[in-house]
Number of protein chains: 2
Amino acid sequence: MARWHEVAQALREAVTAGTYPPGTKIPTEDQLEEQFACSRTTIRRAVAQLTAEGLVLPVRRGGTTVREHPERQPFALDTHVYRDELGYYFSRTVQDLRPVQPPTVGQGPCPPDVVALLGLQTGELVIIRDRVMGEPETGRVVQLATSYLPADLAAGTVLAEADTGSGGIYDRMEGELGWGPLDWHGVIAARAASADEARLLRLGPGVPVLTVTRTAIATAGSAEGRVVEVNVTRRDASRFEVRYPIRRDV
Amino acid sequence: MARWHEVAQALREAVTAGTYPPGTKIPTEDQLEEQFACSRTTIRRAVAQLTAEGLVLPVRRGGTTVREHPERQPFALDTHVYRDELGYYFSRTVQDLRPVQPPTVGQGPCPPDVVALLGLQTGELVIIRDRVMGEPETGRVVQLATSYLPADLAAGTVLAEADTGSGGIYDRMEGELGWGPLDWHGVIAARAASADEARLLRLGPGVPVLTVTRTAIATAGSAEGRVVEVNVTRRDASRFEVRYPIRRDV
DNA sequence: CAGTGGTCTAGACCACAAC
DNA sequence: TTGTGGTCTAGACCACTGA
């Protein structure tokens, strides 16, 4: 077994055994180098592994902290859409979240993985609406949500404005724009965090994020049959999970 | 921007642009070292990143191959359980899979993340049933499934035998053992692959796997109220996703 | 402002599997 | 057999940020 595997395993066991409780720091790289009698490169390889597993988070000058690793919190599966006077809701709120910074609206090229969903060509422009959500108490960022809307449909409409008004974009689509009723479906997937995501969610590079992608399709009006929005929501995969009931159909 | 970021970005663009099509190899590390005029360590850091993203797979002596990266394949959400004369089915088969090796049955300590689900104490023994599933044509392994059953309930019963007979363990539980009808629920999550998972699924270390965990609860008999099985199914997160419909409840 | 992790170099040897 | 990626060393400098 490679030396860095041994070091990683030793550290992993020390963390789970409580030698280094959550919130505390593991020894510095120089100290570990001495403790395990190997080069710093080997130590770094081991710590990189624990980082990828979401167990620790290194911060420059601040040392490497053991992350809280509670039970994963539920991230309700939104198989049903509800509506009240305020707008549409895709999940009963499991955890209260609030915007950490004002939502941003911009225009840019369509990311490769969204191109196919929107039925566009590579390089076509889309309206991009970004929301960064965090815990109300701590302000800690836990969720990133980005909406992509085809520019040929949304540019120049209220959908491209910062404030979309009461009820949000879905009310605008089904109301003024006459695209409704909308059809939705969802996809759950996971991938390594991008550099931006890692920074905002305070994750190490390459740590998995859980993604829920919701697609909205117009069934009427000028956009009939078109995918009018793709919403990608991302969370730290080590802290969240999607739960669902299984019904007996016999 | 760090040099290895630049190298990674250049390689990433070369791959997505088709300079290195799926199935072909990127240049060797020595060649990249020359091409980018930096040390091999820097090259390796960049390639490690692409590996974590699931874009390439390095094989010793075989070079580093660009992975096929088709659209993610659906991995149907099993919100309903069906039953026929052969047994219970949790998902309409999206893709035909067959066992790559005979299922194994053993007894061992309960993994930490399963302890809580089974309602056991740390260190208690469980029956472990392992299945490795692959594509019928190529034999390529795409799914790992492991069942954990409390030893105090399952040891000595047919549940601990290699062949559980027609209909599988759920029929035994609901039939001879009188634990039924069973209740199930599921959880979707993601995490970095373990070393074993990475080897079997042919992934790089730390690459995300998508997990679907199904829990079975007895509603009758000697096991009433107990969790009698936890099944953890894992797939390469870069190749599979869970799709689900969204219903309008208003 | 100084100690931490982040990056990078140049070089060596090894283990494995494709050739 | 041998070329490939895998591991490891010893050392250097840098950049950021928390003490």
# chains A, B, ... in the order shown; residues from 1 in each chain; ligands from 1
>>> residues_around(residues="Lys25 (chain B)", least_positions_apart="5", cutoff="9 Å", atoms="only C-alpha atoms (C1' of nucleotides)", output="list of chain:residue names")
B:Tyr20, B:Val56, B:Gly62, B:Gly63, B:Thr64, B:Thr65, B:Val66
>>> residues_around(residues="region 2-17 of chain D", least_positions_apart="4", cutoff="6 Å", atoms="only C-alpha atoms (C1' of nucleotides)", output="mmCIF file with N, CA and C atoms, in the first residue's frame")
data_model
loop_
_atom_site.group_PDB
_atom_site.id
_atom_site.type_symbol
_atom_site.label_atom_id
_atom_site.label_comp_id
_atom_site.auth_asym_id
_atom_site.auth_seq_id
_atom_site.Cartn_x
_atom_site.Cartn_y
_atom_site.Cartn_z
ATOM 1 N N ARG A 61 -2.971 29.666 5.811
ATOM 2 C CA ARG A 61 -2.640 30.405 7.028
ATOM 3 C C ARG A 61 -3.543 30.003 8.203
ATOM 4 N N ARG B 60 -1.845 2.664 -16.078
ATOM 5 C CA ARG B 60 -0.409 2.456 -16.100
ATOM 6 C C ARG B 60 -0.002 1.696 -17.353
ATOM 7 N N ARG B 61 1.015 2.189 -17.956
ATOM 8 C CA ARG B 61 1.584 1.573 -19.158
ATOM 9 C C ARG B 61 0.656 1.727 -20.361
#
>>> closest_residue(among="B:Thr213, B:Gln31, B:Thr146, B:Thr24", to="chain D", atoms="only C-alpha atoms (C1' of nucleotides)")
B:Gln31
>>> residues_around(residues="region 218-223 of chain B", least_positions_apart="3", cutoff="10 Å", atoms="only C-alpha atoms (C1' of nucleotides)", output="VMD selection string")
chain B and resid 153 173 to 174 177 to 184 226 to 229
>>> select_by_dssp(residues="region 3-126 of chain A", states="helix (DSSP H, G or I)", output="VMD selection string")
chain A and resid 3 to 16 29 to 36 40 to 52 112 to 118
>>> closest_residue(among="A:Thr42, A:Thr28, A:Thr138, A:Thr19", to="chain C", atoms="only C-alpha atoms (C1' of nucleotides)")
A:Thr28
>>> residues_around(residues="DT1 (chain D)", least_positions_apart="4", cutoff="12 Å", atoms="only C-alpha atoms (C1' of nucleotides)", output="list in words")
DA17, DA18 and DC19 of chain C
>>> write_last_selection(atoms="C-alpha atoms (C1' of nucleotides)", output="PDB file, in the first residue's frame")
ATOM      1  C1'  DA C  17       0.451  -4.343 -18.051  1.00  0.00           C
ATOM      2  C1'  DA C  18       0.556  -3.563 -23.019  1.00  0.00           C
ATOM      3  C1'  DC C  19       3.343  -4.737 -26.602  1.00  0.00           C
TER       4       DC C  19
END
>>> select_by_dssp(residues="region 109-241 of chain B", states="strand (DSSP E)", output="ChimeraX atom specification")
/B:109,125-134,141-150,183-192,208-217,227-236,240-241
>>> write_last_selection(atoms="C-alpha atoms", output="PDB file, in the first residue's frame")
ATOM      1  CA  PRO B 109     -18.658  -5.328  10.906  1.00  0.00           C
ATOM      2  CA  LEU B 125     -22.047  -7.745  12.879  1.00  0.00           C
ATOM      3  CA  VAL B 126     -24.147  -7.678   9.744  1.00  0.00           C
ATOM      4  CA  ILE B 127     -24.745 -10.026   6.853  1.00  0.00           C
ATOM      5  CA  ILE B 128     -23.297  -8.463   3.705  1.00  0.00           C
ATOM      6  CA  ARG B 129     -24.569  -9.416   0.266  1.00  0.00           C
ATOM      7  CA  ASP B 130     -22.558  -8.007  -2.633  1.00  0.00           C
ATOM      8  CA  ARG B 131     -23.533  -7.844  -6.283  1.00  0.00           C
ATOM      9  CA  VAL B 132     -21.420  -6.517  -9.135  1.00  0.00           C
ATOM     10  CA  MET B 133     -23.468  -5.737 -12.232  1.00  0.00           C
ATOM     11  CA  GLY B 134     -22.268  -4.990 -15.739  1.00  0.00           C
ATOM     12  CA  VAL B 141     -19.000  -3.026 -14.614  1.00  0.00           C
ATOM     13  CA  VAL B 142     -21.423  -0.147 -14.131  1.00  0.00           C
ATOM     14  CA  GLN B 143     -23.208  -0.815 -10.863  1.00  0.00           C
ATOM     15  CA  LEU B 144     -22.280  -2.028  -7.401  1.00  0.00           C
ATOM     16  CA  ALA B 145     -25.000  -3.062  -4.999  1.00  0.00           C
ATOM     17  CA  THR B 146     -24.524  -4.117  -1.398  1.00  0.00           C
ATOM     18  CA  SER B 147     -27.185  -5.276   1.043  1.00  0.00           C
ATOM     19  CA  TYR B 148     -26.679  -5.115   4.790  1.00  0.00           C
ATOM     20  CA  LEU B 149     -28.885  -7.204   7.076  1.00  0.00           C
ATOM     21  CA  PRO B 150     -28.697  -7.264  10.903  1.00  0.00           C
ATOM     22  CA  ASP B 183     -42.078  -0.713   3.936  1.00  0.00           C
ATOM     23  CA  TRP B 184     -39.378   0.895   1.840  1.00  0.00           C
ATOM     24  CA  HIS B 185     -37.951   4.315   1.351  1.00  0.00           C
ATOM     25  CA  GLY B 186     -35.012   5.637  -0.598  1.00  0.00           C
ATOM     26  CA  VAL B 187     -32.269   8.210  -0.422  1.00  0.00           C
ATOM     27  CA  ILE B 188     -30.160   9.621  -3.240  1.00  0.00           C
ATOM     28  CA  ALA B 189     -26.743  11.002  -2.389  1.00  0.00           C
ATOM     29  CA  ALA B 190     -23.249  11.298  -3.777  1.00  0.00           C
ATOM     30  CA  ARG B 191     -19.739  10.985  -2.433  1.00  0.00           C
ATOM     31  CA  ALA B 192     -16.201  10.311  -3.550  1.00  0.00           C
ATOM     32  CA  PRO B 208     -17.968  11.082  -7.472  1.00  0.00           C
ATOM     33  CA  VAL B 209     -20.337   8.140  -7.318  1.00  0.00           C
ATOM     34  CA  LEU B 210     -24.097   8.494  -7.204  1.00  0.00           C
ATOM     35  CA  THR B 211     -25.659   6.363  -4.483  1.00  0.00           C
ATOM     36  CA  VAL B 212     -29.218   5.175  -4.060  1.00  0.00           C
ATOM     37  CA  THR B 213     -29.861   3.739  -0.603  1.00  0.00           C
ATOM     38  CA  ARG B 214     -33.024   1.745  -0.040  1.00  0.00           C
ATOM     39  CA  THR B 215     -34.183   0.831   3.432  1.00  0.00           C
ATOM     40  CA  ALA B 216     -36.634  -1.983   4.182  1.00  0.00           C
ATOM     41  CA  ILE B 217     -38.665  -1.990   7.392  1.00  0.00           C
ATOM     42  CA  VAL B 227     -34.938  -2.049   9.676  1.00  0.00           C
ATOM     43  CA  VAL B 228     -34.271  -5.450   8.143  1.00  0.00           C
ATOM     44  CA  GLU B 229     -32.215  -4.446   5.130  1.00  0.00           C
ATOM     45  CA  VAL B 230     -30.239  -1.515   3.818  1.00  0.00           C
ATOM     46  CA  ASN B 231     -29.317  -1.686   0.148  1.00  0.00           C
ATOM     47  CA  VAL B 232     -26.702   0.687  -1.235  1.00  0.00           C
ATOM     48  CA  THR B 233     -26.408   0.931  -5.018  1.00  0.00           C
ATOM     49  CA  ARG B 234     -23.533   2.911  -6.532  1.00  0.00           C
ATOM     50  CA  ARG B 235     -22.871   4.124 -10.070  1.00  0.00           C
ATOM     51  CA  ASP B 236     -20.389   6.425 -11.748  1.00  0.00           C
ATOM     52  CA  PHE B 240     -25.764   8.291 -14.747  1.00  0.00           C
ATOM     53  CA  GLU B 241     -28.482  10.515 -13.384  1.00  0.00           C
TER      54      GLU B 241
END
>>> closest_atom_pairs(of="chain C", to="chain A", cutoff="7 Å", atoms="only C-alpha atoms (C1' of nucleotides)", output="JSON lines")
{"residue": "C:DG3", "atom": "C1'", "partner": "A:Arg61", "partner_atom": "CA", "distance": 6.3}
{"residue": "C:DT4", "atom": "C1'", "partner": "A:Arg61", "partner_atom": "CA", "distance": 3.5}
{"residue": "C:DG5", "atom": "C1'", "partner": "A:Arg60", "partner_atom": "CA", "distance": 4.5}
>>> write_last_selection(atoms="N, CA and C atoms (P, O5', C5', C4', C3', O3' and C1' of nucleotides)", output="PDB file, in the first residue's frame")
ATOM      1  P    DG C   3       6.589  32.784  12.260  1.00  0.00           P
ATOM      2  O5'  DG C   3       5.560  31.573  12.261  1.00  0.00           O
ATOM      3  C5'  DG C   3       4.240  31.790  12.737  1.00  0.00           C
ATOM      4  C4'  DG C   3       3.235  31.128  11.819  1.00  0.00           C
ATOM      5  C3'  DG C   3       3.671  29.762  11.287  1.00  0.00           C
ATOM      6  O3'  DG C   3       2.529  28.933  11.264  1.00  0.00           O
ATOM      7  C1'  DG C   3       3.150  31.175   9.474  1.00  0.00           C
ATOM      8  P    DT C   4       2.626  27.363  11.289  1.00  0.00           P
ATOM      9  O5'  DT C   4       1.615  26.909  10.160  1.00  0.00           O
ATOM     10  C5'  DT C   4       0.251  27.327  10.220  1.00  0.00           C
ATOM     11  C4'  DT C   4      -0.272  27.496   8.832  1.00  0.00           C
ATOM     12  C3'  DT C   4      -0.003  26.329   7.891  1.00  0.00           C
ATOM     13  O3'  DT C   4      -1.067  25.405   7.974  1.00  0.00           O
ATOM     14  C1'  DT C   4       0.269  28.467   6.810  1.00  0.00           C
ATOM     15  P    DG C   5      -0.969  24.011   7.297  1.00  0.00           P
ATOM     16  O5'  DG C   5      -1.413  24.351   5.819  1.00  0.00           O
ATOM     17  C5'  DG C   5      -2.755  24.729   5.561  1.00  0.00           C
ATOM     18  C4'  DG C   5      -2.841  25.422   4.199  1.00  0.00           C
ATOM     19  C3'  DG C   5      -2.818  24.490   2.985  1.00  0.00           C
ATOM     20  O3'  DG C   5      -3.675  25.038   1.996  1.00  0.00           O
ATOM     21  C1'  DG C   5      -1.032  25.986   2.839  1.00  0.00           C
TER      22       DG C   5
END
>>> residues_around(residues="DA10 (chain C)", least_positions_apart="2", cutoff="10 Å", atoms="only C-alpha atoms (C1' of nucleotides)", output="PyMOL selection string")
(chain B and resi 39-41) or (chain C and resi 12)
>>> write_last_selection(atoms="all heavy atoms", output="PDB file, in the first residue's frame")
ATOM      1  N   SER B  39       7.231  21.167 -15.194  1.00  0.00           N
ATOM      2  CA  SER B  39       7.677  19.889 -14.634  1.00  0.00           C
ATOM      3  C   SER B  39       6.571  18.845 -14.699  1.00  0.00           C
ATOM      4  O   SER B  39       5.388  19.159 -14.836  1.00  0.00           O
ATOM      5  CB  SER B  39       8.110  20.081 -13.190  1.00  0.00           C
ATOM      6  OG  SER B  39       6.971  20.175 -12.374  1.00  0.00           O
ATOM      7  N   ARG B  40       6.981  17.614 -14.565  1.00  0.00           N
ATOM      8  CA  ARG B  40       6.009  16.533 -14.640  1.00  0.00           C
ATOM      9  C   ARG B  40       5.005  16.626 -13.497  1.00  0.00           C
ATOM     10  O   ARG B  40       3.832  16.277 -13.654  1.00  0.00           O
ATOM     11  CB  ARG B  40       6.752  15.185 -14.585  1.00  0.00           C
ATOM     12  CG  ARG B  40       5.869  14.034 -14.951  1.00  0.00           C
ATOM     13  CD  ARG B  40       6.632  12.728 -15.055  1.00  0.00           C
ATOM     14  NE  ARG B  40       5.734  11.631 -14.793  1.00  0.00           N
ATOM     15  CZ  ARG B  40       6.051  10.563 -14.081  1.00  0.00           C
ATOM     16  NH1 ARG B  40       7.254  10.435 -13.576  1.00  0.00           N
ATOM     17  NH2 ARG B  40       5.167   9.619 -13.881  1.00  0.00           N
ATOM     18  N   THR B  41       5.450  17.088 -12.348  1.00  0.00           N
ATOM     19  CA  THR B  41       4.549  17.234 -11.208  1.00  0.00           C
ATOM     20  C   THR B  41       3.368  18.138 -11.567  1.00  0.00           C
ATOM     21  O   THR B  41       2.219  17.850 -11.223  1.00  0.00           O
ATOM     22  CB  THR B  41       5.299  17.835 -10.007  1.00  0.00           C
ATOM     23  OG1 THR B  41       6.486  17.076  -9.781  1.00  0.00           O
ATOM     24  CG2 THR B  41       4.431  17.822  -8.775  1.00  0.00           C
TER      25      THR B  41
ATOM     26  P    DA C  12      18.748  11.452 -11.421  1.00  0.00           P
ATOM     27  OP1  DA C  12      20.210  11.387 -11.254  1.00  0.00           O
ATOM     28  OP2  DA C  12      18.137  11.395 -12.764  1.00  0.00           O
ATOM     29  O5'  DA C  12      18.097  10.302 -10.554  1.00  0.00           O
ATOM     30  C5'  DA C  12      18.156  10.381  -9.136  1.00  0.00           C
ATOM     31  C4'  DA C  12      17.084   9.492  -8.554  1.00  0.00           C
ATOM     32  O4'  DA C  12      15.802  10.099  -8.808  1.00  0.00           O
ATOM     33  C3'  DA C  12      17.012   8.123  -9.225  1.00  0.00           C
ATOM     34  O3'  DA C  12      17.671   7.162  -8.407  1.00  0.00           O
ATOM     35  C2'  DA C  12      15.501   7.834  -9.319  1.00  0.00           C
ATOM     36  C1'  DA C  12      14.835   9.078  -8.765  1.00  0.00           C
ATOM     37  N9   DA C  12      13.670   9.523  -9.526  1.00  0.00           N
ATOM     38  C8   DA C  12      13.680  10.151 -10.749  1.00  0.00           C
ATOM     39  N7   DA C  12      12.483  10.451 -11.195  1.00  0.00           N
ATOM     40  C5   DA C  12      11.626   9.986 -10.206  1.00  0.00           C
ATOM     41  C6   DA C  12      10.230   9.996 -10.076  1.00  0.00           C
ATOM     42  N6   DA C  12       9.403  10.517 -10.992  1.00  0.00           N
ATOM     43  N1   DA C  12       9.701   9.438  -8.967  1.00  0.00           N
ATOM     44  C2   DA C  12      10.531   8.915  -8.054  1.00  0.00           C
ATOM     45  N3   DA C  12      11.862   8.857  -8.062  1.00  0.00           N
ATOM     46  C4   DA C  12      12.347   9.417  -9.173  1.00  0.00           C
TER      47       DA C  12
END
>>> closest_residue(among="A:Ile26, A:Ala52, A:Leu86, A:Leu200", to="chain B", atoms="only C-alpha atoms")
A:Ala52
>>> residues_around(residues="Gly123 (chain A)", least_positions_apart="3", cutoff="9 Å", atoms="only C-alpha atoms (C1' of nucleotides)", output="list in words")
Gly108, Pro109, Cys110, Pro111, Pro112, Val115 and Leu120 of chain A
